[in-house]
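Structure data (compact mmCIF, C-alpha atoms (C1' of nucleotides)) from run-v3.txt:
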```txt
# COMPACT_ATOMS: atom_id res chain seq x y z
CA MET W 83 29.93 18.95 -23.46
CA SER W 84 30.47 21.78 -21.01
CA ASN W 85 33.67 21.22 -19.05
CA LEU W 86 32.78 21.13 -15.37
CA SER W 87 35.00 20.46 -12.38
CA THR W 88 35.39 16.96 -11.05
CA THR W 89 33.22 17.82 -8.07
CA ALA W 90 30.41 18.94 -10.33
CA GLU W 91 30.69 15.66 -12.21
CA ASP W 92 30.57 13.78 -8.92
CA ILE W 93 27.47 15.67 -7.88
CA LEU W 94 25.76 14.83 -11.16
CA ALA W 95 26.72 11.18 -10.89
CA VAL W 96 25.39 10.88 -7.36
CA ALA W 97 22.23 12.77 -8.26
CA ARG W 98 21.65 10.39 -11.14
CA THR W 99 21.88 7.38 -8.84
CA LEU W 100 19.51 9.01 -6.37
CA ILE W 101 16.98 9.88 -9.07
CA ILE W 102 17.11 6.32 -10.37
CA ASN W 103 16.24 5.24 -6.85
CA GLY W 104 13.37 7.54 -6.06
CA GLY W 105 12.78 10.25 -8.64
CA TYR W 106 12.90 14.02 -8.50
CA ASN W 107 11.25 14.42 -5.12
CA GLY W 108 13.00 11.37 -3.74
CA PHE W 109 16.35 13.02 -3.06
CA SER W 110 17.71 16.20 -1.53
CA TYR W 111 20.86 18.29 -1.53
CA ALA W 112 21.59 16.77 1.88
CA ASP W 113 21.56 13.28 0.36
CA ILE W 114 24.06 14.34 -2.29
CA SER W 115 26.34 16.09 0.21
CA GLU W 116 26.61 12.95 2.34
CA VAL W 117 27.85 10.84 -0.56
CA VAL W 118 30.05 13.40 -2.28
CA GLY W 119 31.60 14.54 1.00
CA ILE W 120 30.84 18.17 0.54
CA ARG W 121 28.65 20.58 2.50
CA LYS W 122 25.08 21.09 1.38
CA ALA W 123 25.65 24.77 0.64
CA SER W 124 28.65 24.01 -1.55
CA ILE W 125 26.47 22.17 -4.01
CA HIS W 126 24.69 25.46 -4.68
CA HIS W 127 28.03 26.83 -5.89
CA HIS W 128 27.99 24.31 -8.74
CA PHE W 129 24.24 24.18 -9.28
CA PRO W 130 22.40 27.22 -7.91
CA SER W 131 19.08 25.42 -7.71
CA LYS W 132 17.78 21.86 -7.84
CA VAL W 133 16.15 22.65 -11.15
CA ASP W 134 19.53 23.67 -12.58
CA LEU W 135 21.07 20.45 -11.37
CA VAL W 136 18.46 18.11 -12.79
CA ARG W 137 18.09 20.07 -16.00
CA GLU W 138 21.82 19.77 -16.61
CA LEU W 139 21.71 16.12 -15.59
CA VAL W 140 19.01 15.23 -18.09
CA LYS W 141 20.61 17.36 -20.80
CA ARG W 142 23.88 15.45 -20.39
CA TYR W 143 22.00 12.17 -20.20
CA ARG W 144 20.50 12.93 -23.59
CA GLU W 145 23.80 14.09 -25.04
CA ASP W 146 25.55 10.96 -23.79
CA GLY W 147 22.76 8.93 -25.31
CA GLN W 148 23.16 10.68 -28.63
CA ALA W 149 26.91 10.06 -28.58
CA GLY W 150 26.40 6.42 -27.67
CA VAL W 151 23.88 5.98 -30.44
CA ALA W 152 26.20 7.62 -32.96
CA ALA W 153 29.00 5.23 -31.99
CA LEU W 154 26.61 2.30 -32.17
CA GLU W 155 25.50 3.23 -35.68
CA GLN W 156 29.12 3.39 -36.78
CA ASN W 157 30.27 0.12 -35.23
CA VAL W 158 27.21 -2.03 -35.80
CA PRO W 159 25.87 -2.05 -39.36
CA ASN W 160 23.01 -4.52 -38.91
CA ALA W 161 19.78 -2.93 -37.69
CA LEU W 162 18.68 -6.01 -35.78
CA ASP W 163 22.04 -6.13 -34.04
CA ILE W 164 21.62 -2.51 -33.04
CA LEU W 165 18.35 -3.32 -31.33
CA LYS W 166 19.99 -6.30 -29.66
CA VAL W 167 22.89 -4.21 -28.38
CA TYR W 168 20.46 -1.58 -27.14
CA SER W 169 18.37 -4.07 -25.20
CA THR W 170 21.47 -5.87 -23.93
CA HIS W 171 22.75 -2.56 -22.63
CA TRP W 172 19.70 -2.23 -20.41
CA SER W 173 19.73 -5.88 -19.55
CA LYS W 174 23.24 -5.53 -18.15
CA CYS W 175 22.49 -2.30 -16.29
CA ILE W 176 19.56 -3.96 -14.58
CA GLU W 177 21.36 -7.19 -13.79
CA ASP W 178 24.50 -5.73 -12.27
CA ALA W 179 22.37 -3.11 -10.52
CA SER W 180 24.68 -0.34 -11.73
CA ARG W 181 21.91 1.71 -13.34
CA PRO W 182 18.86 -0.47 -12.92
CA TYR W 183 16.49 2.10 -14.37
CA CYS W 184 16.42 4.89 -16.91
CA VAL W 185 16.58 8.35 -15.36
CA CYS W 186 14.19 9.71 -17.94
CA ALA W 187 11.72 6.87 -17.48
CA LEU W 188 11.40 7.74 -13.82
CA LEU W 189 11.18 11.46 -14.49
CA ALA W 190 8.68 10.92 -17.29
CA SER W 191 6.33 9.12 -14.94
CA GLU W 192 6.49 12.14 -12.63
CA LEU W 193 6.18 14.58 -15.55
CA PRO W 194 3.03 16.46 -14.47
CA SER W 195 4.62 17.46 -11.17
CA LEU W 196 8.05 18.29 -12.57
CA PRO W 197 9.40 21.84 -12.96
CA PRO W 198 8.76 22.88 -16.59
CA GLU W 199 12.46 23.24 -17.41
CA VAL W 200 13.16 19.68 -16.35
CA ALA W 201 10.01 18.37 -18.02
CA ALA W 202 11.10 19.91 -21.31
CA GLU W 203 14.45 18.10 -21.19
CA VAL W 204 12.75 14.81 -20.41
CA THR W 205 10.34 15.01 -23.33
CA ALA W 206 13.26 15.99 -25.56
CA PHE W 207 14.99 12.77 -24.55
CA PHE W 208 12.00 10.68 -25.51
CA ARG W 209 11.65 12.43 -28.84
CA PHE W 210 15.30 11.70 -29.53
CA ILE W 211 15.15 8.02 -28.63
CA SER W 212 11.90 7.57 -30.48
CA SER W 213 13.07 9.17 -33.71
CA TRP W 214 16.34 7.25 -33.57
CA LEU W 215 14.52 3.93 -33.15
CA GLY W 216 12.23 4.97 -35.99
CA SER W 217 15.21 5.47 -38.28
CA VAL W 218 16.66 2.11 -37.26
CA MET W 219 13.36 0.40 -37.98
CA GLU W 220 13.02 2.05 -41.37
CA ARG W 221 16.55 1.24 -42.42
CA GLY W 222 16.29 -2.33 -41.20
CA SER W 223 13.07 -2.79 -43.08
CA LYS W 224 14.54 -1.49 -46.34
CA GLU W 225 17.70 -3.53 -45.96
CA GLY W 226 15.80 -6.66 -45.01
CA THR W 227 17.57 -6.97 -41.66
CA LEU W 228 14.32 -6.37 -39.79
CA THR W 229 10.89 -7.81 -40.34
CA LEU W 230 8.23 -5.24 -39.47
CA SER W 231 4.53 -5.89 -39.15
CA SER W 232 3.62 -2.19 -38.88
CA GLU W 233 4.93 1.17 -40.01
CA PRO W 234 8.50 1.88 -38.83
CA ASP W 235 7.38 4.68 -36.50
CA VAL W 236 4.72 2.52 -34.89
CA GLU W 237 7.16 -0.35 -34.57
CA ALA W 238 9.65 1.99 -32.93
CA GLU W 239 7.12 3.21 -30.38
CA ALA W 240 6.06 -0.34 -29.62
CA PHE W 241 9.66 -1.43 -29.15
CA LEU W 242 10.42 1.51 -26.89
CA ALA W 243 7.30 0.82 -24.84
CA THR W 244 8.31 -2.84 -24.47
CA VAL W 245 11.81 -1.91 -23.30
CA TYR W 246 10.57 0.60 -20.74
CA GLY W 247 7.69 -1.61 -19.67
CA ALA W 248 10.12 -4.49 -19.18
CA MET W 249 12.32 -2.20 -17.12
CA LEU W 250 9.38 -1.43 -14.87
CA SER W 251 8.43 -5.09 -14.54
CA ALA W 252 11.98 -6.05 -13.58
CA ARG W 253 11.83 -3.44 -10.84
CA ALA W 254 8.32 -4.37 -9.73
CA TYR W 255 9.12 -8.07 -9.39
CA GLY W 256 12.60 -7.42 -8.09
CA SER W 257 13.97 -9.91 -10.61
CA PRO W 258 16.32 -8.64 -13.36
CA LYS W 259 15.76 -11.73 -15.53
CA VAL W 260 12.25 -10.57 -16.42
CA PHE W 261 13.71 -7.92 -18.69
CA GLY W 262 15.41 -10.46 -20.92
CA THR W 263 12.41 -12.75 -20.84
CA ILE W 264 10.19 -10.00 -22.20
CA LEU W 265 12.65 -8.70 -24.77
CA ALA W 266 13.51 -12.09 -26.26
CA PRO W 267 10.21 -12.70 -28.09
CA THR W 268 10.08 -9.07 -29.19
CA LEU W 269 13.50 -9.35 -30.80
CA SER W 270 12.79 -12.72 -32.38
CA ARG W 271 9.62 -11.30 -33.90
CA LEU W 272 11.72 -8.63 -35.61
CA THR W 273 14.21 -11.22 -36.86
CA PRO W 274 13.87 -12.12 -40.55
CA ASN W 275 13.16 -15.76 -41.47
CA ALA W 276 12.13 -16.56 -37.92
CA ALA W 277 9.38 -19.14 -37.68
CA HIS W 278 6.53 -18.06 -35.48
CA MET B 83 -13.90 -4.02 1.77
CA SER B 84 -13.56 -2.21 5.06
CA ASN B 85 -16.35 0.34 5.48
CA LEU B 86 -14.77 3.74 5.98
CA SER B 87 -16.45 7.09 6.38
CA THR B 88 -17.11 9.27 3.37
CA THR B 89 -14.30 11.58 4.41
CA ALA B 90 -11.83 8.73 4.48
CA GLU B 91 -12.98 7.74 1.00
CA ASP B 92 -12.51 11.31 -0.17
CA ILE B 93 -9.02 11.41 1.27
CA LEU B 94 -8.10 8.21 -0.53
CA ALA B 95 -9.55 9.46 -3.80
CA VAL B 96 -7.63 12.73 -3.63
CA ALA B 97 -4.45 10.95 -2.60
CA ARG B 98 -4.81 8.66 -5.59
CA THR B 99 -5.04 11.60 -7.96
CA LEU B 100 -2.03 13.24 -6.34
CA ILE B 101 0.06 10.07 -6.53
CA ILE B 102 -0.85 9.66 -10.20
CA ASN B 103 0.50 13.17 -10.68
CA GLY B 104 3.78 12.96 -8.85
CA GLY B 105 4.26 9.76 -6.88
CA TYR B 106 4.75 9.04 -3.20
CA ASN B 107 7.04 11.96 -2.43
CA GLY B 108 5.15 14.27 -4.75
CA PHE B 109 2.27 15.02 -2.41
CA SER B 110 1.71 15.96 1.22
CA TYR B 111 -1.02 15.95 3.82
CA ALA B 112 -1.33 19.68 3.18
CA ASP B 113 -2.14 19.01 -0.48
CA ILE B 114 -4.88 16.60 0.49
CA SER B 115 -6.37 18.92 3.10
CA GLU B 116 -6.73 21.73 0.58
CA VAL B 117 -8.79 19.63 -1.82
CA VAL B 118 -10.85 17.69 0.72
CA GLY B 119 -11.58 20.81 2.78
CA ILE B 120 -10.37 19.42 6.05
CA ARG B 121 -7.50 20.42 8.32
CA LYS B 122 -4.17 18.70 7.89
CA ALA B 123 -4.28 17.23 11.39
CA SER B 124 -7.72 15.74 10.81
CA ILE B 125 -6.34 13.47 8.11
CA HIS B 126 -4.24 11.80 10.79
CA HIS B 127 -7.48 10.80 12.51
CA HIS B 128 -8.38 8.64 9.50
CA PHE B 129 -4.85 7.60 8.53
CA PRO B 130 -2.35 7.93 11.39
CA SER B 131 0.64 8.04 9.07
CA LYS B 132 1.34 8.56 5.38
CA VAL B 133 2.40 4.93 5.14
CA ASP B 134 -1.00 3.84 6.49
CA LEU B 135 -2.73 6.00 3.93
CA VAL B 136 -0.84 4.79 0.89
CA ARG B 137 -0.77 1.19 2.04
CA GLU B 138 -4.57 1.23 2.35
CA LEU B 139 -4.82 3.05 -0.96
CA VAL B 140 -2.82 0.45 -2.85
CA LYS B 141 -4.55 -2.39 -1.04
CA ARG B 142 -7.93 -1.08 -2.19
CA TYR B 143 -6.58 -0.40 -5.64
CA ARG B 144 -5.66 -4.05 -5.89
CA GLU B 145 -8.95 -5.23 -4.44
CA ASP B 146 -10.90 -3.04 -6.85
CA GLY B 147 -8.79 -4.44 -9.66
CA GLN B 148 -9.54 -7.98 -8.56
CA ALA B 149 -13.26 -7.21 -8.43
CA GLY B 150 -13.15 -5.58 -11.85
CA VAL B 151 -11.29 -8.51 -13.30
CA ALA B 152 -13.77 -10.97 -11.82
CA ALA B 153 -16.66 -9.04 -13.37
CA LEU B 154 -14.82 -8.90 -16.68
CA GLU B 155 -14.28 -12.64 -16.71
CA GLN B 156 -17.98 -13.20 -16.10
CA ASN B 157 -19.27 -10.77 -18.71
CA VAL B 158 -16.74 -11.28 -21.47
CA PRO B 159 -16.12 -14.90 -22.46
CA ASN B 160 -13.65 -14.32 -25.30
CA ALA B 161 -10.03 -14.02 -24.13
CA LEU B 162 -9.07 -11.62 -26.92
CA ASP B 163 -12.03 -9.41 -26.03
CA ILE B 164 -10.88 -9.37 -22.44
CA LEU B 165 -7.49 -8.02 -23.47
CA LYS B 166 -9.22 -5.47 -25.69
CA VAL B 167 -11.49 -4.31 -22.88
CA TYR B 168 -8.49 -4.11 -20.56
CA SER B 169 -6.47 -1.96 -22.95
CA THR B 170 -9.50 0.15 -23.83
CA HIS B 171 -9.99 0.82 -20.14
CA TRP B 172 -6.56 2.42 -19.95
CA SER B 173 -6.98 4.10 -23.29
CA LYS B 174 -10.08 5.88 -21.99
CA CYS B 175 -8.51 6.81 -18.67
CA ILE B 176 -5.59 8.40 -20.47
CA GLU B 177 -7.67 10.18 -23.07
CA ASP B 178 -10.22 11.76 -20.75
CA ALA B 179 -7.41 12.53 -18.29
CA SER B 180 -9.46 11.06 -15.44
CA ARG B 181 -6.77 8.62 -14.33
CA PRO B 182 -4.05 9.05 -16.91
CA TYR B 183 -1.65 6.70 -15.18
CA CYS B 184 -1.64 3.60 -13.03
CA VAL B 185 -0.99 4.31 -9.36
CA CYS B 186 1.06 1.16 -9.05
CA ALA B 187 3.12 1.89 -12.14
CA LEU B 188 4.26 5.14 -10.62
CA LEU B 189 4.89 3.60 -7.23
CA ALA B 190 6.72 0.66 -8.80
CA SER B 191 9.16 2.98 -10.50
CA GLU B 192 9.90 4.51 -7.09
CA LEU B 193 10.01 1.09 -5.42
CA PRO B 194 13.56 1.21 -3.98
CA SER B 195 12.80 4.38 -2.04
CA LEU B 196 9.34 3.38 -0.87
CA PRO B 197 8.49 2.37 2.71
CA PRO B 198 8.58 -1.46 2.83
CA GLU B 199 4.89 -1.77 3.74
CA VAL B 200 3.87 0.20 0.66
CA ALA B 201 6.40 -1.57 -1.54
CA ALA B 202 4.95 -4.92 -0.53
CA GLU B 203 1.44 -3.87 -1.59
CA VAL B 204 2.75 -2.61 -4.92
CA THR B 205 4.55 -5.84 -5.77
CA ALA B 206 1.45 -7.76 -4.72
CA PHE B 207 -0.52 -5.76 -7.28
CA PHE B 208 1.88 -6.67 -10.06
CA ARG B 209 1.86 -10.31 -9.12
CA PHE B 210 -1.93 -10.28 -9.26
CA ILE B 211 -2.18 -8.55 -12.66
CA SER B 212 0.56 -10.73 -14.07
CA SER B 213 -0.94 -14.03 -12.98
CA TRP B 214 -4.37 -12.94 -14.17
CA LEU B 215 -3.04 -12.04 -17.62
CA GLY B 216 -1.20 -15.36 -17.63
CA SER B 217 -4.44 -17.24 -17.06
CA VAL B 218 -6.17 -15.24 -19.79
CA MET B 219 -3.36 -16.04 -22.22
CA GLU B 220 -3.42 -19.73 -21.38
CA ARG B 221 -7.18 -20.02 -21.71
CA GLY B 222 -7.21 -18.05 -24.95
CA SER B 223 -4.52 -20.26 -26.37
CA LYS B 224 -6.38 -23.46 -25.50
CA GLU B 225 -9.69 -22.13 -26.78
CA GLY B 226 -8.15 -20.76 -29.94
CA THR B 227 -9.27 -17.21 -29.24
CA LEU B 228 -5.66 -16.06 -28.90
CA THR B 229 -2.63 -16.77 -31.05
CA LEU B 230 0.48 -16.94 -28.91
CA SER B 231 4.05 -17.03 -30.16
CA SER B 232 5.54 -17.78 -26.73
CA GLU B 233 4.56 -19.43 -23.48
CA PRO B 234 1.42 -17.94 -21.88
CA ASP B 235 3.37 -16.52 -18.94
CA VAL B 236 5.93 -14.87 -21.18
CA GLU B 237 3.20 -13.53 -23.42
CA ALA B 238 1.45 -12.13 -20.35
CA GLU B 239 4.57 -10.34 -19.15
CA ALA B 240 5.21 -8.95 -22.61
CA PHE B 241 1.64 -7.71 -22.89
CA LEU B 242 1.77 -6.10 -19.45
CA ALA B 243 5.08 -4.44 -20.30
CA THR B 244 3.62 -3.07 -23.53
CA VAL B 245 0.58 -1.64 -21.75
CA TYR B 246 2.66 0.05 -19.05
CA GLY B 247 5.31 1.16 -21.50
CA ALA B 248 2.63 2.66 -23.71
CA MET B 249 1.21 4.44 -20.66
CA LEU B 250 4.61 5.98 -20.03
CA SER B 251 5.03 7.00 -23.65
CA ALA B 252 1.63 8.69 -23.71
CA ARG B 253 2.69 10.70 -20.67
CA ALA B 254 6.17 11.44 -22.01
CA TYR B 255 4.90 12.74 -25.33
CA GLY B 256 1.86 14.38 -23.79
CA SER B 257 -0.32 12.74 -26.42
CA PRO B 258 -2.92 10.17 -25.33
CA LYS B 259 -3.27 8.72 -28.84
CA VAL B 260 0.14 7.07 -28.58
CA PHE B 261 -1.29 4.47 -26.22
CA GLY B 262 -3.76 3.19 -28.79
CA THR B 263 -1.17 3.34 -31.54
CA ILE B 264 1.15 1.05 -29.60
CA LEU B 265 -1.54 -1.34 -28.40
CA ALA B 266 -3.17 -1.86 -31.81
CA PRO B 267 -0.40 -3.96 -33.39
CA THR B 268 0.06 -5.89 -30.15
CA LEU B 269 -3.60 -6.85 -30.09
CA SER B 270 -3.72 -7.69 -33.79
CA ARG B 271 -0.73 -9.98 -33.33
CA LEU B 272 -2.68 -11.91 -30.72
CA THR B 273 -5.71 -12.12 -32.98
CA PRO B 274 -6.22 -15.54 -34.64
CA ASN B 275 -6.23 -15.68 -38.46
CA ALA B 276 -4.68 -12.24 -38.68
CA ALA B 277 -2.34 -11.81 -41.60
CA HIS B 278 1.01 -10.45 -40.62
C1' DC L 191 45.27 40.25 -6.54
C1' DC L 192 41.59 37.60 -8.12
C1' DC L 193 38.60 33.97 -8.41
C1' DA L 194 36.95 29.36 -7.96
C1' DA L 195 35.83 26.19 -4.37
C1' DC L 196 34.40 25.32 -0.11
C1' DC L 197 33.14 26.46 4.49
C1' DT L 198 29.90 27.99 8.75
C1' DA L 199 25.81 29.95 10.01
C1' DC L 200 21.37 31.06 9.22
C1' DC L 201 16.66 31.66 7.11
C1' DT L 202 12.01 30.35 5.48
C1' DT L 203 8.90 27.13 4.34
C1' DC L 204 7.15 22.71 4.27
C1' DT L 205 6.97 18.06 6.16
C1' DG L 206 4.66 14.39 8.84
C1' DA L 207 3.11 14.08 13.29
C1' DT L 208 1.25 14.95 18.29
C1' DA L 209 -1.50 16.97 22.17
C1' DG L 210 -5.53 18.40 23.70
C1' DG L 211 -10.02 20.32 23.29
C1' DG L 212 -14.95 21.05 21.49
C1' DA L 213 -19.27 19.77 19.07
C1' DG L 214 -22.58 16.36 18.31
C1' DG L 215 -24.74 11.84 17.75
C1' DG L 216 -26.02 7.33 19.92
C1' DC L 217 -27.18 4.71 23.93
C1' DG L 218 -28.18 2.86 28.26
C1' DT L 219 -30.06 3.99 32.98
C1' DC L 220 -32.89 6.19 36.10
C1' DG N 232 -38.10 12.14 28.75
C1' DA N 233 -33.79 13.63 30.98
C1' DC N 234 -29.31 12.75 32.36
C1' DG N 235 -24.75 11.36 31.93
C1' DC N 236 -21.36 8.90 29.16
C1' DC N 237 -18.66 7.74 25.38
C1' DC N 238 -17.10 7.81 20.88
C1' DT N 239 -16.36 9.81 16.29
C1' DC N 240 -14.93 13.62 13.84
C1' DC N 241 -12.81 17.68 13.40
C1' DC N 242 -10.56 21.68 15.25
C1' DT N 243 -6.37 24.88 17.00
C1' DA N 244 -1.83 24.99 18.43
C1' DT N 245 2.50 23.26 18.32
C1' DC N 246 6.47 20.42 17.35
C1' DA N 247 11.09 18.68 15.43
C1' DG N 248 13.24 17.90 11.49
C1' DA N 249 14.14 18.35 6.66
C1' DA N 250 13.61 20.98 2.52
C1' DG N 251 15.89 24.41 -0.79
C1' DG N 252 18.34 28.42 -0.54
C1' DT N 253 21.22 32.78 1.00
C1' DA N 254 24.94 35.62 3.22
C1' DG N 255 29.33 36.15 4.09
C1' DG N 256 33.83 34.51 5.29
C1' DT N 257 38.28 31.47 4.42
C1' DT N 258 41.56 29.16 1.64
C1' DG N 259 44.65 28.34 -1.98
C1' DG N 260 46.33 28.20 -6.69
C1' DG N 261 47.26 30.99 -11.15
```

Re-express the file's structure as C-alpha cells.
Amino acid sequence: MSNLSTTAEDILAVARTLIINGGYNGFSYADISEVVGIRKASIHHHFPSKVDLVRELVKRYREDGQAGVAALEQNVPNALDILKVYSTHWSKCIEDASRPYCVCALLASELPSLPPEVAAEVTAFFRFISSWLGSVMERGSKEGTLTLSSEPDVEAEAFLATVYGAMLSARAYGSPKVFGTILAPTLSRLTPNAAH
Amino acid sequence: MSNLSTTAEDILAVARTLIINGGYNGFSYADISEVVGIRKASIHHHFPSKVDLVRELVKRYREDGQAGVAALEQNVPNALDILKVYSTHWSKCIEDASRPYCVCALLASELPSLPPEVAAEVTAFFRFISSWLGSVMERGSKEGTLTLSSEPDVEAEAFLATVYGAMLSARAYGSPKVFGTILAPTLSRLTPNAAH
DNA sequence: CCCAACCTACCTTCTGATAGGGAGGGCGTC
DNA sequence: GACGCCCTCCCTATCAGAAGGTAGGTTGGG
C-alpha cells in the first residue's frame, strides 16, 4: 500500500478502465491525460514509463484482490458461499458495466507481447487466485460444504477457467446475463446434496 | 472462399500469428512486412486498410471453422467424441505452440476497442461456435452419447467457457498441460455411465 | 529555500496510409 | 510473330498523426 497522491490514484483508475477496454496496447498516455485533465507529460512525473504505470497497476490489483479475499474469508465461513460471493462479484461488475472485465484476464491474453515486468505481475496474480481457490476447494471438501468430483487443485483451475471463460462469453455476445447462466450450473454442481 | 494470391495468403497467415501473440493493436504492417519479405506499402495493395485485413482474416477463420466442423460431423458420429476431438485440437495447438490461442478469443477480449467491422465478425464467430456446440449437446443428449445436467444451450455455453478459460489459464501459467487438466473432468462429466 | 506537481515545447520513432512509378505477364489486333 | 495495351504486383518516397519520452521552466505550499 504505497501512499500516492490523489492524481496518481486517478491516473491508475483511468488506466485500469482503459486496459479493461482494449488492453495494454489499446491505450496511450494521451488517452489518460484527456480523462484525468492533466497534460501528457505530467503523467510521466507520477509514472516515468508506461511499464511502470501498468506494473504498479497490476501489483495494486493483486494486493487489492488479496485484501478482498482476506476479508471474504473472515466474513463468510461457508466455502460454497465464498464461491458464490466471488462469482456474484463478477456478475455485478459485468452487469452494471463498472468493471466488465478482469484487467489481468485481458493482459494474460496478451502475455507473449507484454513487457516482461508487466507479464511477471500478471502471472503472479493468476498464481494467487489459483492457490486461493485451491485452498477454498480443499477446505470446503473437508468440511462437507463443497462436493468435488476431482482433486481440489484441479477443481480450482476448472472453476477459475469457467469464471474467466464466462467473462469472455459475456463480452463476446454483448449480453451480461450469459455470465450468470454459465456459472449457475457450475455452482450447483459444487453444492452438496444437489440432485443432478 | 475467395481465391487470393499466395502473397495475400501469406500476409493473412502472418497476421494471424501476430494477433495470437498480442491482439489487434499488438501488431503493425511493418511487422508483417518483415516476416513476409515484402514492403510495408505493398501490403496495402492486397488489403487497403488494417480493418480490411483483419476483417477478412476473421471471416476466413470462421469459414475454416465451419468447414472443419462440417467435416468433423461427417467423420465422427458420436457426440462425445466430437467434443473430445474439438478439445484435443486445441490441446495440440497449445502444446506444440503452433497456434497457442484462438484469434477470436483474443479479439473478443478487446471487443470494445475494436473497429465495428472487425467486432461484428468476431461476434459472428462466437455465435457460430456456440450454436454448433448447442446442436452437438442436444443430439448427444437425445442419442444418449452425452449426459447433460442442464439444457443443451446452457451446457454448450458452459463447455465453450471452459475451453476458452482453460486456454487463458494455459497462457497465464505458461504451461500447456493445464488445458488438458481442466478439460478432463469436464469431458468425463459429460460421459454417460461415468461414476462421479 | 526546497521540492512536489504541473506546465510548454520538443524529440524520435512508429503508425497506417497515399502517390506515383517500374517490371512483367496475358491478350487481342494487325 | 510483333506491337501496343492493360492489369497485377511490388517498389521508393513521402505523409500526417500518434506513440512514449525528455528538457527545462513555473507555481505554490511546508

Distance-based interface of chain W with chain B, 8 Å, counting only C-alpha atoms, as a ChimeraX atom specification: /W:103-105,107-108,187-188,190-196,204-205,208-209,231-232,236-237,239-240,242-248,250-251,253-255,263-265,267,278

What are the nearest atom pairs, with distances in Å to one decimal, for all residues of chain L that come at most 10 Å from chain B, using all atoms listed in the file, set out by chain and rising residue number as JSON lines?
```
{"residue": "L:DC204", "atom": "C1'", "partner": "B:Ala112", "partner_atom": "CA", "distance": 9.1}
{"residue": "L:DT205", "atom": "C1'", "partner": "B:Ser110", "partner_atom": "CA", "distance": 7.5}
{"residue": "L:DG206", "atom": "C1'", "partner": "B:Ser131", "partner_atom": "CA", "distance": 7.5}
{"residue": "L:DA207", "atom": "C1'", "partner": "B:Ser131", "partner_atom": "CA", "distance": 7.8}
{"residue": "L:DT208", "atom": "C1'", "partner": "B:Ala123", "partner_atom": "CA", "distance": 9.1}
```

Report as a VMD selection string the set of chain N residues whose atoms approach chain B to within 10 Å, with distances computed over all atoms listed in the file. chain N and resid 239 to 243

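Near Val96 in chain W, within 9 Å and counting all atoms listed in the file, sit Glu91, Asp92, Ile93, Thr99, Leu100, Ile101, Asp113, Ile114, Val117 and Val118 of chain W; same-chain residues fewer than 3 positions away were not included.
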
Which residues come within 12 Å of DC193 in chain L, counting all atoms listed in the file, excluding same-chain residues fewer than 5 positions away, as a PyMOL selection string? chain N and resi 258-261

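Of note, CA of Lys224 in chain W and CA of Leu154 in chain W are spaced 19.0 Å apart.
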
Two-atom distance - C1' of DT253 in chain N, C1' of DC200 in chain L (Å):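 Going from C1' of DT253 in chain N over to C1' of DC200 in chain L, I get 8.4 Å.
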
Using all atoms listed in the file, list the residues that have an atom at most 10 Å from (15.5, -2.2, -34.3), coordinates as in the file, as number ranges by chain. W: 160-169, 214-223, 227-230, 234, 237-238, 241-242, 269, 272-273

Selection above as a file: C-alpha atoms, as an mmCIF file, in the coordinates of the input:
```
data_model
loop_
_atom_site.group_PDB
_atom_site.id
_atom_site.type_symbol
_atom_site.label_atom_id
_atom_site.label_comp_id
_atom_site.auth_asym_id
_atom_site.auth_seq_id
_atom_site.Cartn_x
_atom_site.Cartn_y
_atom_site.Cartn_z
ATOM 1 C CA ASN W 160 23.010 -4.520 -38.910
ATOM 2 C CA ALA W 161 19.780 -2.930 -37.690
ATOM 3 C CA LEU W 162 18.680 -6.010 -35.780
ATOM 4 C CA ASP W 163 22.040 -6.130 -34.040
ATOM 5 C CA ILE W 164 21.620 -2.510 -33.040
ATOM 6 C CA LEU W 165 18.350 -3.320 -31.330
ATOM 7 C CA LYS W 166 19.990 -6.300 -29.660
ATOM 8 C CA VAL W 167 22.890 -4.210 -28.380
ATOM 9 C CA TYR W 168 20.460 -1.580 -27.140
ATOM 10 C CA SER W 169 18.370 -4.070 -25.200
ATOM 11 C CA TRP W 214 16.340 7.250 -33.570
ATOM 12 C CA LEU W 215 14.520 3.930 -33.150
ATOM 13 C CA GLY W 216 12.230 4.970 -35.990
ATOM 14 C CA SER W 217 15.210 5.470 -38.280
ATOM 15 C CA VAL W 218 16.660 2.110 -37.260
ATOM 16 C CA MET W 219 13.360 0.400 -37.980
ATOM 17 C CA GLU W 220 13.020 2.050 -41.370
ATOM 18 C CA ARG W 221 16.550 1.240 -42.420
ATOM 19 C CA GLY W 222 16.290 -2.330 -41.200
ATOM 20 C CA SER W 223 13.070 -2.790 -43.080
ATOM 21 C CA THR W 227 17.570 -6.970 -41.660
ATOM 22 C CA LEU W 228 14.320 -6.370 -39.790
ATOM 23 C CA THR W 229 10.890 -7.810 -40.340
ATOM 24 C CA LEU W 230 8.230 -5.240 -39.470
ATOM 25 C CA PRO W 234 8.500 1.880 -38.830
ATOM 26 C CA GLU W 237 7.160 -0.350 -34.570
ATOM 27 C CA ALA W 238 9.650 1.990 -32.930
ATOM 28 C CA PHE W 241 9.660 -1.430 -29.150
ATOM 29 C CA LEU W 242 10.420 1.510 -26.890
ATOM 30 C CA LEU W 269 13.500 -9.350 -30.800
ATOM 31 C CA LEU W 272 11.720 -8.630 -35.610
ATOM 32 C CA THR W 273 14.210 -11.220 -36.860
#
```

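Between CA of Tyr143 in chain W and C1' of DA249 in chain N the interatomic distance comes to 28.7 Å.
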